[in-house]
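Coordinates as given in query-v5.txt (compact mmCIF, C-alpha atoms):
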# COMPACT_ATOMS: atom_id res chain seq x y z
CA MET D 1321 0.00 0.00 0.00
CA ASP D 1322 2.92 2.33 0.50
CA GLY D 1323 3.67 4.41 -2.54
CA PRO D 1324 6.93 5.99 -3.53
CA ASP D 1325 5.94 9.22 -1.85
CA GLY D 1326 4.05 7.67 1.05
CA GLY D 1327 6.55 8.91 3.64
CA THR D 1328 7.32 12.20 1.89
CA ARG D 1329 4.15 13.98 3.04
CA ASP D 1330 4.85 13.15 6.67
CA ASP D 1331 8.53 14.22 6.62
CA ASP D 1332 8.34 17.32 4.42
CA PRO D 1333 8.69 20.35 6.77
CA THR D 1334 7.75 22.83 4.08
CA GLY D 1335 4.34 21.47 3.32
CA PRO D 1336 1.30 21.14 5.51
CA SER D 1337 0.99 17.81 7.25
CA ASP D 1338 -2.79 17.98 7.32
CA GLY D 1339 -5.61 20.33 6.66
CA ARG D 1340 -5.17 22.22 9.98
CA SER D 1341 -1.66 23.43 9.30
CA GLY D 1342 -2.69 25.80 6.50
CA PRO D 1343 -4.78 28.15 8.59
CA ASP D 1344 -2.08 28.22 11.32
CA SER D 1345 0.54 29.32 8.83
CA ALA D 1346 -1.75 31.95 7.50
CA ARG D 1347 -2.38 33.34 10.94
CA ARG D 1348 1.34 33.59 11.71
CA ALA D 1349 2.00 35.41 8.46
CA ASP D 1350 -0.88 37.86 8.92
CA PRO D 1351 0.67 41.27 9.60
CA GLY D 1352 -2.40 42.33 11.55
CA ASP D 1353 -2.31 39.36 13.89
CA ARG D 1354 -1.44 39.84 17.63
CA ALA D 1355 1.74 37.80 17.19
CA ALA D 1356 3.29 40.85 15.56
CA THR D 1357 2.62 43.03 18.67
CA PRO D 1358 6.19 42.77 20.17
CA THR D 1359 7.55 44.12 16.89
CA ASP D 1360 5.01 46.93 16.95
CA ARG D 1361 6.03 47.91 20.51
CA ALA D 1362 9.74 48.36 19.70
CA PRO D 1363 9.31 51.96 18.46
CA ASP D 1364 7.61 52.80 21.76
CA ARG D 1365 10.71 51.72 23.67
CA ARG D 1366 12.91 53.77 21.38
CA ASP D 1367 10.67 56.76 21.85
CA ARG D 1368 10.92 56.43 25.62
CA ALA D 1369 14.71 56.06 25.46
CA THR D 1370 14.90 59.20 23.38
CA ASP D 1371 12.80 61.06 25.91
CA ASP D 1372 15.09 59.87 28.73
CA ASP D 1373 18.18 60.93 26.80
CA ARG D 1374 16.72 64.39 26.35
CA GLY D 1375 16.04 64.55 30.06
CA THR D 1376 19.66 64.00 31.13
CA SER D 1377 20.49 67.64 30.46
CA THR D 1378 18.10 68.84 33.15
CA HIS D 1379 17.72 65.87 35.50
CA ASP D 1380 20.03 64.52 38.17
CA ASP D 1381 18.67 61.76 40.37
CA GLY D 1382 15.13 62.99 39.77
CA VAL D 1383 15.90 66.71 40.32
CA ALA D 1384 15.14 68.89 37.30
CA ILE D 1385 15.97 72.51 36.60
CA GLU D 1386 12.27 72.94 35.92
CA ASP D 1387 11.70 72.18 39.62
CA GLY D 1388 13.45 75.45 40.44
CA ILE D 1389 17.04 76.59 39.91
CA GLY D 1390 17.57 76.99 43.66
CA ARG D 1391 16.47 73.46 44.46
CA TRP D 1392 18.47 72.07 41.56
CA LEU D 1393 21.66 73.82 42.72
CA LEU D 1394 21.15 72.52 46.27
CA GLU D 1395 20.23 68.93 45.43
CA THR D 1396 21.85 67.99 42.12
CA ASP D 1397 24.72 65.49 42.11
CA ASP D 1398 26.44 67.07 39.09
CA TRP D 1399 30.12 67.18 40.09
CA ARG D 1400 30.63 70.72 38.81
CA VAL D 1401 27.77 72.03 40.90
CA THR D 1402 28.79 70.06 43.99
CA THR D 1403 32.36 71.38 43.73
CA CYS D 1404 31.16 74.97 43.56
CA ARG D 1405 28.74 74.24 46.38
CA ASP D 1406 31.52 72.88 48.61
CA VAL D 1407 33.80 75.84 47.90
CA ALA D 1408 30.99 78.30 48.64
CA ALA D 1409 30.19 76.50 51.89
CA SER D 1410 33.87 76.59 52.93
CA LEU D 1411 34.13 80.30 52.20
CA ALA D 1412 30.94 80.95 54.15
CA ILE D 1413 32.29 79.04 57.15
CA ILE D 1414 35.61 80.88 57.01
CA ALA D 1415 33.89 84.26 56.70
CA THR D 1416 31.64 83.47 59.66
CA ILE D 1417 34.55 82.32 61.80
CA GLY D 1418 36.60 85.36 60.80
CA LEU D 1419 33.80 87.77 61.68
CA LEU D 1420 33.23 86.07 65.03
CA LEU D 1421 36.93 86.14 65.89
CA PHE D 1422 37.17 89.79 64.88
CA ALA D 1423 34.16 90.61 67.04
CA VAL D 1424 35.74 88.80 70.00
CA GLY D 1425 39.35 89.88 69.56
CA GLY D 1426 39.02 93.25 67.85
CA THR D 1427 42.11 92.70 65.70
CA TRP D 1428 42.74 91.57 62.12
CA PRO D 1429 44.05 89.13 61.15
CA PRO D 1430 43.02 87.22 64.28
CA PHE D 1431 45.90 84.72 64.06
CA VAL D 1432 49.69 84.86 63.91
CA ALA D 1433 52.00 82.02 62.93
CA VAL D 1434 55.08 81.43 65.06
CA GLU D 1435 58.24 81.36 62.95
CA SER D 1436 60.88 80.65 65.60
CA GLY D 1437 61.45 78.66 68.77
CA SER D 1438 62.10 81.68 71.01
CA MET D 1439 59.00 80.94 73.13
CA GLU D 1440 59.52 77.20 73.53
CA PRO D 1441 58.40 75.06 75.20
CA ASN D 1442 55.26 77.08 75.92
CA ILE D 1443 54.70 78.18 72.32
CA GLN D 1444 56.26 76.06 69.60
CA LYS D 1445 57.56 76.97 66.19
CA GLY D 1446 54.76 76.33 63.68
CA ASP D 1447 51.95 77.05 66.15
CA LEU D 1448 49.02 79.23 65.11
CA VAL D 1449 48.16 81.70 67.89
CA PHE D 1450 44.85 83.49 68.33
CA VAL D 1451 45.41 87.12 69.35
CA VAL D 1452 43.19 89.93 70.64
CA ASP D 1453 43.62 93.66 71.14
CA ASP D 1454 45.82 94.27 74.15
CA ASP D 1455 42.97 96.04 75.95
CA ARG D 1456 40.68 92.99 75.70
CA PHE D 1457 40.37 90.49 78.58
CA ALA D 1458 42.69 92.53 80.78
CA GLY D 1459 43.88 90.74 83.89
CA GLU D 1460 44.30 92.10 87.38
CA ASN D 1461 46.92 94.83 87.80
CA ALA D 1462 47.31 95.36 84.05
CA VAL D 1463 49.43 98.34 83.07
CA ASP D 1464 47.18 101.38 82.76
CA GLY D 1465 46.04 102.06 79.22
CA THR D 1466 47.31 98.75 77.84
CA GLY D 1467 45.48 95.80 79.37
CA VAL D 1468 48.82 93.93 79.58
CA VAL D 1469 49.83 92.13 82.76
CA THR D 1470 53.59 91.87 83.11
CA LEU D 1471 55.47 88.82 84.37
CA GLU D 1472 56.40 90.90 87.41
CA SER D 1473 52.74 91.61 88.28
CA GLY D 1474 51.59 88.14 87.23
CA ARG D 1475 53.80 86.53 89.83
CA GLU D 1476 52.04 88.58 92.49
CA ASN D 1477 48.43 87.99 91.46
CA GLY D 1478 48.67 84.57 89.77
CA HIS D 1479 47.92 85.79 86.24
CA GLU D 1480 49.38 83.26 83.78
CA LYS D 1481 49.46 82.78 80.03
CA PHE D 1482 51.10 79.85 78.29
CA ALA D 1483 52.36 78.18 81.46
CA SER D 1484 54.10 81.24 82.90
CA ALA D 1485 53.25 84.49 84.66
CA GLY D 1486 52.30 87.55 82.65
CA ASP D 1487 50.92 88.18 79.17
CA VAL D 1488 52.49 87.32 75.83
CA ILE D 1489 52.31 90.22 73.39
CA VAL D 1490 52.80 90.63 69.66
CA PHE D 1491 54.76 93.77 68.77
CA VAL D 1492 56.68 95.40 65.94
CA PRO D 1493 60.38 95.77 66.89
CA ASN D 1494 61.32 99.47 67.16
CA GLY D 1495 57.93 100.29 65.64
CA ASP D 1496 59.33 99.55 62.19
CA PRO D 1497 56.46 98.27 59.96
CA THR D 1498 58.95 96.60 57.60
CA LYS D 1499 60.07 94.20 60.34
CA THR D 1500 58.41 90.90 61.18
CA PRO D 1501 56.28 91.14 64.35
CA THR D 1502 57.64 89.38 67.43
CA ILE D 1503 55.66 87.35 69.95
CA HIS D 1504 57.36 87.50 73.37
CA ARG D 1505 56.43 87.86 77.03
CA ALA D 1506 56.14 91.26 78.69
CA HIS D 1507 58.45 91.10 81.73
CA PHE D 1508 58.04 94.52 83.32
CA TRP D 1509 57.04 98.12 82.66
CA VAL D 1510 59.56 100.95 82.71
CA GLU D 1511 59.18 104.70 82.57
CA ARG D 1512 61.15 107.13 80.47
CA GLY D 1513 64.60 107.75 81.94
CA GLU D 1514 64.43 104.77 84.29
CA ARG D 1515 67.66 102.82 84.75
CA TRP D 1516 65.72 99.57 84.52
CA VAL D 1517 68.82 97.35 84.46
CA GLU D 1518 69.46 98.43 88.04
CA THR D 1519 65.86 98.70 89.30
CA LYS D 1520 63.85 95.80 87.85
CA ALA D 1521 65.92 93.50 85.65
CA ASP D 1522 66.76 89.92 86.56
CA PRO D 1523 70.58 89.68 86.62
CA GLY D 1524 70.34 86.25 85.03
CA SER D 1525 68.77 87.78 81.89
CA LEU D 1526 71.31 90.58 81.42
CA ASN D 1527 74.18 88.47 80.12
CA GLY D 1528 76.46 90.38 82.52
CA ALA D 1529 75.73 93.79 80.97
CA THR D 1530 75.37 97.01 82.96
CA CYS D 1531 73.09 99.98 82.29
CA ASP D 1532 76.00 101.96 80.89
CA GLU D 1533 76.66 99.21 78.33
CA ILE D 1534 73.07 99.08 77.04
CA THR D 1535 71.75 101.77 74.70
CA THR D 1536 68.18 101.24 75.93
CA CYS D 1537 69.14 102.09 79.50
CA PRO D 1538 68.04 104.56 80.72
CA ALA D 1539 64.71 103.91 78.98
CA PRO D 1540 64.18 106.28 76.02
CA HIS D 1541 60.39 106.23 76.59
CA ASP D 1542 57.68 104.46 78.58
CA GLY D 1543 57.13 100.84 77.64
CA PHE D 1544 57.77 97.15 78.21
CA VAL D 1545 60.94 95.17 78.57
CA THR D 1546 60.33 91.85 76.83
CA LYS D 1547 61.92 88.44 76.45
CA GLY D 1548 61.31 85.14 74.72
CA ASP D 1549 60.80 82.27 77.17
CA ALA D 1550 63.59 80.27 75.53
CA ASN D 1551 66.00 83.20 75.10
CA PRO D 1552 68.82 83.83 77.61
CA GLY D 1553 68.52 87.63 77.56
CA TYR D 1554 66.06 90.49 77.22
CA ASP D 1555 65.13 91.75 73.77
CA GLN D 1556 66.52 95.18 74.76
CA LEU D 1557 70.09 93.90 75.00
CA PRO D 1558 72.41 94.29 72.01
CA ARG D 1559 72.30 91.31 69.62
CA SER D 1560 69.67 89.58 71.74
CA GLY D 1561 66.18 88.34 70.92
CA ALA D 1562 64.09 90.77 68.90
CA GLU D 1563 66.84 93.43 69.05
CA THR D 1564 64.46 96.23 69.92
CA THR D 1565 64.44 99.15 72.28
CA VAL D 1566 61.85 99.39 75.04
CA VAL D 1567 58.52 98.34 73.49
CA SER D 1568 56.08 101.24 73.31
CA PRO D 1569 52.37 100.34 73.76
CA ASP D 1570 51.76 101.82 70.30
CA TRP D 1571 53.88 99.07 68.77
CA ILE D 1572 51.75 96.28 70.22
CA THR D 1573 49.49 94.65 67.62
CA GLY D 1574 47.91 91.96 69.79
CA LYS D 1575 47.91 89.84 72.91
CA ALA D 1576 48.24 86.08 72.60
CA MET D 1577 45.38 83.99 73.99
CA VAL D 1578 45.28 80.44 72.57
CA ARG D 1579 47.56 78.38 70.35
CA ALA D 1580 46.78 75.68 67.77
CA PRO D 1581 49.80 73.35 67.49
CA TRP D 1582 51.43 73.03 64.05
CA VAL D 1583 48.62 74.73 62.12
CA GLY D 1584 50.90 77.73 61.71
CA GLU D 1585 53.06 75.75 59.28
CA LEU D 1586 50.18 75.91 56.82
CA ARG D 1587 49.73 79.62 57.49
CA LEU D 1588 53.43 80.26 56.87
CA ALA D 1589 53.36 78.30 53.61
CA VAL D 1590 50.33 80.22 52.36
CA GLY D 1591 51.90 83.47 53.55
CA SER D 1592 55.06 82.78 51.54
CA ALA D 1593 52.99 82.16 48.43
CA GLY D 1594 50.92 85.25 49.20
CA ALA D 1595 54.02 87.42 49.44
CA ALA D 1596 54.98 86.36 45.93
CA THR D 1597 51.48 86.97 44.53
CA GLY D 1598 50.57 90.08 46.50
CA LEU D 1599 47.94 88.30 48.61
CA GLY D 1600 46.93 90.48 51.55
CA PRO D 1601 46.14 89.47 55.15
CA THR D 1602 42.48 88.78 54.34
CA GLY D 1603 43.33 86.68 51.30
CA THR D 1604 45.93 84.77 53.30
CA PHE D 1605 43.44 84.11 56.08
CA VAL D 1606 40.80 82.88 53.61
CA ALA D 1607 43.27 80.70 51.73
CA THR D 1608 44.62 79.19 54.95
CA GLY D 1609 41.13 78.51 56.25
CA THR D 1610 39.99 76.92 53.00
CA ILE D 1611 42.98 74.57 52.85
CA ALA D 1612 42.59 73.73 56.53
CA LEU D 1613 38.90 72.85 56.01
CA VAL D 1614 39.75 70.67 53.03
CA LEU D 1615 42.45 68.84 54.98
CA PHE D 1616 40.12 68.46 57.95
CA GLY D 1617 37.40 67.07 55.70
CA MET D 1618 39.83 64.60 54.15
CA ALA D 1619 41.04 63.51 57.59
CA ALA D 1620 37.48 63.13 58.83
CA GLY D 1621 36.62 61.07 55.77
CA ASP D 1622 39.58 58.75 56.30
CA GLY D 1623 38.73 58.35 59.96
CA SER D 1624 35.15 57.37 59.22
CA GLN D 1625 36.11 54.56 56.86

Show the structure stored in the file as structure tokens.
Amino acid sequence: MDGPDGGTRDDDPTGPSDGRSGPDSARRADPGDRAATPTDRAPDRRDRATDDDRGTSTHDDGVAIEDGIGRWLLETDDWRVTTCRDVAASLAIIATIGLLLFAVGGTWPPFVAVESGSMEPNIQKGDLVFVVDDDRFAGENAVDGTGVVTLESGRENGHEKFASAGDVIVFVPNGDPTKTPTIHRAHFWVERGERWVETKADPGSLNGATCDEITTCPAPHDGFVTKGDANPGYDQLPRSGAETTVVSPDWITGKAMVRAPWVGELRLAVGSAGAATGLGPTGTFVATGTIALVLFGMAAGDGSQ
């Protein structure tokens, strides 16, 4: 009963195996049939992708410029905006701190960096020292009109600054504005014409000199005799310390209050760069504060990991 093509109809994949296969093939080929729906939906996905691509210029994590420029600047994660935002925040913090310190201390800039070891061990080289006007926070028995308590008076009433009696002052040697200010302790007050070497000086700080051998004795005017805590002799001796005559109150630019160890190294580095670029005291203060905040933020970030 089997013919030569008896098995051909069953095995031929291109032809219909029975009468039901024809309609099925027709339905699959019909372009209007539902089977073609996935192909029809592809343009929709492309349209949506195009819309999303267009949105990247104004959206960052769901925040759009259309939501308000202020909100976008505050909440966007765009790195350029966040960088500007961080810099602005740092400057605002520095400005606020500077204004507060100026209000408290009454002097600008409110900090000085220590460049030498003449006040060691109580104030170290590289320290940053907060200073105020000499008439602020005056202690008991301060010299009239200055607010400065001398080492001599401090020993009597217990007034101490930086682990020793008396106030530490910042002054310009000989009143010369071209000289670097000095930060030393005020030892005692002398009046014009006083032979202070004989009346008030500690013999151990005179290096064996007599009043006749010192040009600042008798005192040429009223003022302070000063000395660095680590120095062997008074600043008013020849070739000693700050090499200045008796320090007039008018030459005092501040009174030291608190020190920040080693931060002054940063201030000195910025100051050196500022001298080459013409950066003034305010610019130096802002630059130092900004760098300090960045370093503090980096240190805080490392410590939290």

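Distance annotation: of D:Asp1406, D:Asp1454, D:Asp1496, D:Asp1522, the residue with the minimal separation from Thr1565 (chain D) is D:Asp1496; atom set is only C-alpha atoms.
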
Separation of CA of Gly1390 (chain D) from CA of Ile1414 (chain D), in Å and rounded to one decimal
22.8 Å

Dump as JSON lines the rows for residues of region 1498-1526 of chain D within 7 Å of region 1482-1492 of chain D: closest atom pair and distance in Å with one decimal, only C-alpha atoms counted, ordered by chain and rising residue number.
{"residue": "D:Lys1499", "atom": "CA", "partner": "D:Val1492", "partner_atom": "CA", "distance": 6.7}
{"residue": "D:Thr1500", "atom": "CA", "partner": "D:Val1492", "partner_atom": "CA", "distance": 6.8}
{"residue": "D:Pro1501", "atom": "CA", "partner": "D:Val1492", "partner_atom": "CA", "distance": 4.6}
{"residue": "D:Thr1502", "atom": "CA", "partner": "D:Phe1491", "partner_atom": "CA", "distance": 5.4}
{"residue": "D:Ile1503", "atom": "CA", "partner": "D:Val1490", "partner_atom": "CA", "distance": 4.4}
{"residue": "D:His1504", "atom": "CA", "partner": "D:Val1488", "partner_atom": "CA", "distance": 5.5}
{"residue": "D:Arg1505", "atom": "CA", "partner": "D:Val1488", "partner_atom": "CA", "distance": 4.2}
{"residue": "D:Ala1506", "atom": "CA", "partner": "D:Asp1487", "partner_atom": "CA", "distance": 6.1}

One decimal, in Å: what's the spacing between CA of Val1469 (chain D) and CA of Val1452 (chain D)?
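Computing it gives 14.0 Å between the two atoms.
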
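The interatomic distance for the pair CA of Lys1575 (chain D) and CA of Val1468 (chain D) works out to 7.9 Å.
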
Selected residue, from D:Val1463, D:Ile1389, D:Val1432, D:Val1517, that lies nearest to Val1451 (chain D) when counting all atoms listed in the file:
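Nearest to Val1451 (chain D): D:Val1432.
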
In terms of the shortest atom-to-atom distance over only C-alpha atoms, which of D:Tyr1554, D:Arg1456, D:His1541, D:Gly1528 is closest to Phe1422 (chain D)?
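Of all the options, D:Arg1456 lies closest to Phe1422 (chain D).
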
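Excluding Gly1561 (chain D) itself and same-chain residues fewer than 5 positions from it, the residues having an atom within 9 Å of it are Ser1438, Lys1547, Gly1548, Asn1551, Pro1552, Gly1553, Tyr1554, Asp1555 and Gln1556 of chain D, counting all atoms listed in the file.
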
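Counting all atoms listed in the file and comparing D:Leu1448, D:Ile1572, D:Ile1443, D:Val1567, the residue that lies closest to Arg1512 (chain D) is D:Val1567.
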
Have a look at D:Gly1543, D:Pro1558, D:Pro1523, D:Gly1495 and name the one nearest to Gly1465 (chain D); count all atoms listed in the file.
D:Gly1543
